[in-house]
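Student: Here you go, one structure.
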Amino acid sequence: DSGVTQTPKHLITATGQRVTLRCSPRSGDLSVYWYQQSLDQGLQFLIHYYNGEERAKGNILERFSAQQFPDLHSELNLSSLELGDSALYFCASSAQGVANEQFFGPGTRLTVL
Amino acid sequence: GNSVTQMEGPVTLSEEAFLTINCTYTATGYPSLFWYVQYPGEGLQLLLKATKADDKGSNKGFEATYRKETTSFHLEKGSVQVSDSAVYFCALSDQGGSEKLVFGKGTKLTVNP
C-alpha cells in the first residue's frame, strides 16, 4: 500500500459527460501528479500541483482541469468526454527533496461508452 | 525533450533464468532514474532508483546501474521467479522545474514455472 488513495476505482460513463476523479496523497506529501495510461500513448504526464499551486502541465487537453485543495487532496475534472479518453488515470505524490520518488495510487479506470 | 526508450516486449522466461531489460534515455542535465513495476490490476510501485552517475539501485534481487557514458539504466535480475511476472517501466525525472516522470513504454515480463 503506497498510502495514496484514489476514488472511484472504476467509472463508466457516456460521451459528452463530465466526471471528477479524486486523489488523496500520502500524509505530508505536498506534490500531486496526475498521469494517464492508455494502450496507444503509454504513461503520459498530465499535470503537477505543489501545495495548492499548479507547477507544470503536460499534454493535458483543454477539456481537462485539476486543482489541489488546502487539505492537499486533488481532483481531476474531465469534461465533454470522448471515447478516446478511456484510460487508467493515476495520481502520484512525493515529498519535496527526495529525488522525486513518486508514490502511485491504484488508479481510476475510466470507460467512456 | 527528455525521453526514455526501453526494449520492446513481451519477454517470456523460465523460472530461475537471467533477466535483462534494456533502458536508454535522452535528457539534459542529470536526471534521477527509476524502475517501476506494475502487477496485473494494480498501480505502479517503485522498484529501484539511482540519482547520480555510477549509482546502483537494488531491490528484491533486481539491480540497475546509472551509466552516464552510455545513457543507460538496464534492469537485471539473476534468477527470476513466477511472482516477478509484471510490466516494468523505466523512467526519468524531468529536471525542468516540475520533476515530472517521463516513462518508457513498458516491458511485459512473463515467467513460466
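In the C-alpha cells, chains take the letters A, B, ... in the order shown, each chain's residues start at 1, and ligands count up from 1 in the order shown.
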Can you build me a table of region 22-53 of chain B residues sitting at most 12 Å from region 39-62 of chain A, with the closest atom pair per residue and its distance in Å to one decimal, using only C-alpha atoms, sorted by chain and residue number, as a tab-separated table?
Tutor:
residue	atom	partner	partner_atom	distance
B:Tyr36	CA	A:Leu43	CA	11.7
B:Gln38	CA	A:Leu43	CA	11.8
B:Gly43	CA	A:Leu43	CA	11.7
B:Leu44	CA	A:Leu43	CA	10.7
Student: Please report, as a tab-separated table, each residue of chain B lying at most 9 Å from chain A, together with the nearest pair of atoms and the separation in Å rounded to one decimal; use only C-alpha atoms, and order rows by chain and ascending residue number.
Tutor:
residue	atom	partner	partner_atom	distance
B:Ser32	CA	A:Ala99	CA	6.7
B:Phe34	CA	A:Glu101	CA	8.5
B:Gly41	CA	A:Pro106	CA	8.4
B:Glu42	CA	A:Pro106	CA	5.6
B:Gly43	CA	A:Pro106	CA	4.3
B:Leu44	CA	A:Phe104	CA	5.7
B:Gln45	CA	A:Phe104	CA	6.8
B:Leu46	CA	A:Phe103	CA	7.2
B:Lys49	CA	A:Glu101	CA	8.2
B:Ala50	CA	A:Ala99	CA	8.8
B:Thr51	CA	A:Ala99	CA	6.8
B:Ser93	CA	A:Asn100	CA	6.9
B:Gly97	CA	A:Ala56	CA	8.0
B:Ser98	CA	A:Ala56	CA	5.8
B:Glu99	CA	A:Asn100	CA	6.4
B:Lys100	CA	A:Phe45	CA	7.0
B:Leu101	CA	A:Phe45	CA	7.1
B:Val102	CA	A:Phe45	CA	7.3
B:Phe103	CA	A:Leu43	CA	6.3
B:Gly104	CA	A:Leu43	CA	7.9
B:Lys105	CA	A:Gly42	CA	5.6
B:Gly106	CA	A:Gly42	CA	7.8
Student: Can I get the selected residues back with C-alpha atoms, as an mmCIF file, in the first residue's frame?
Tutor:
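For reference, result-v9.cif as written:
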data_model
loop_
_atom_site.group_PDB
_atom_site.id
_atom_site.type_symbol
_atom_site.label_atom_id
_atom_site.label_comp_id
_atom_site.auth_asym_id
_atom_site.auth_seq_id
_atom_site.Cartn_x
_atom_site.Cartn_y
_atom_site.Cartn_z
ATOM 1 C CA SER B 32 17.287 10.690 -11.474
ATOM 2 C CA PHE B 34 13.823 4.823 -11.827
ATOM 3 C CA GLY B 41 -4.678 -4.791 -11.967
ATOM 4 C CA GLU B 42 -2.524 -2.635 -9.720
ATOM 5 C CA GLY B 43 -0.821 0.736 -9.706
ATOM 6 C CA LEU B 44 2.869 1.382 -10.170
ATOM 7 C CA GLN B 45 5.335 0.513 -7.448
ATOM 8 C CA LEU B 46 8.814 1.931 -7.250
ATOM 9 C CA LYS B 49 16.197 4.235 -8.241
ATOM 10 C CA ALA B 50 19.541 5.928 -8.854
ATOM 11 C CA THR B 51 20.164 9.613 -8.500
ATOM 12 C CA SER B 93 12.650 12.661 -13.552
ATOM 13 C CA GLY B 97 11.372 22.523 -12.605
ATOM 14 C CA SER B 98 8.491 20.106 -12.198
ATOM 15 C CA GLU B 99 10.368 16.828 -11.753
ATOM 16 C CA LYS B 100 7.577 15.029 -13.511
ATOM 17 C CA LEU B 101 8.355 11.456 -14.563
ATOM 18 C CA VAL B 102 8.945 10.568 -18.196
ATOM 19 C CA PHE B 103 8.256 6.884 -18.801
ATOM 20 C CA GLY B 104 9.291 4.323 -21.337
ATOM 21 C CA LYS B 105 6.554 2.272 -22.968
ATOM 22 C CA GLY B 106 6.915 -0.622 -20.556
#
Student: Please compute the CA of Ala27 (chain B)-CA of Glu76 (chain B) distance, one decimal, in Å.
Tutor: 22.3 Å
Student: Name the residues of region 4-86 of chain B that come out as strand (DSSP E or B) in a backbone DSSP run; write them as a PyMOL selection string.
Tutor: chain B and resi 4-6+11-14+19-21+23-26+33-38+44-50+56-59+62-65+67+72+75-77+86
Student: Would you compute the distance between CA of Gln36 (chain A) and CA of Leu21 (chain A)? Give it in Å to one decimal.
Tutor: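 CA of Leu21 (chain A) lies at a distance of 12.0 Å from CA of Gln36 (chain A).
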Student: Pick the closest to Val111 (chain B) from B:Asn22, B:Ser72, B:Thr12, B:Ser3: which is it, counting only C-alpha atoms?
Tutor: B:Thr12
Student: Which one is closest to Gly78 (chain B): B:Ala17, B:Lys52, B:Val11, B:Ala64? Count only C-alpha atoms.
Tutor: B:Ala17
Student: Let me make sure I understand: among A:Ser38, A:Thr5, A:Ser74, A:Ser80, which one has the smallest atom-to-atom distance to Gln17 (chain A) if we use only C-alpha atoms?
Tutor: A:Ser80
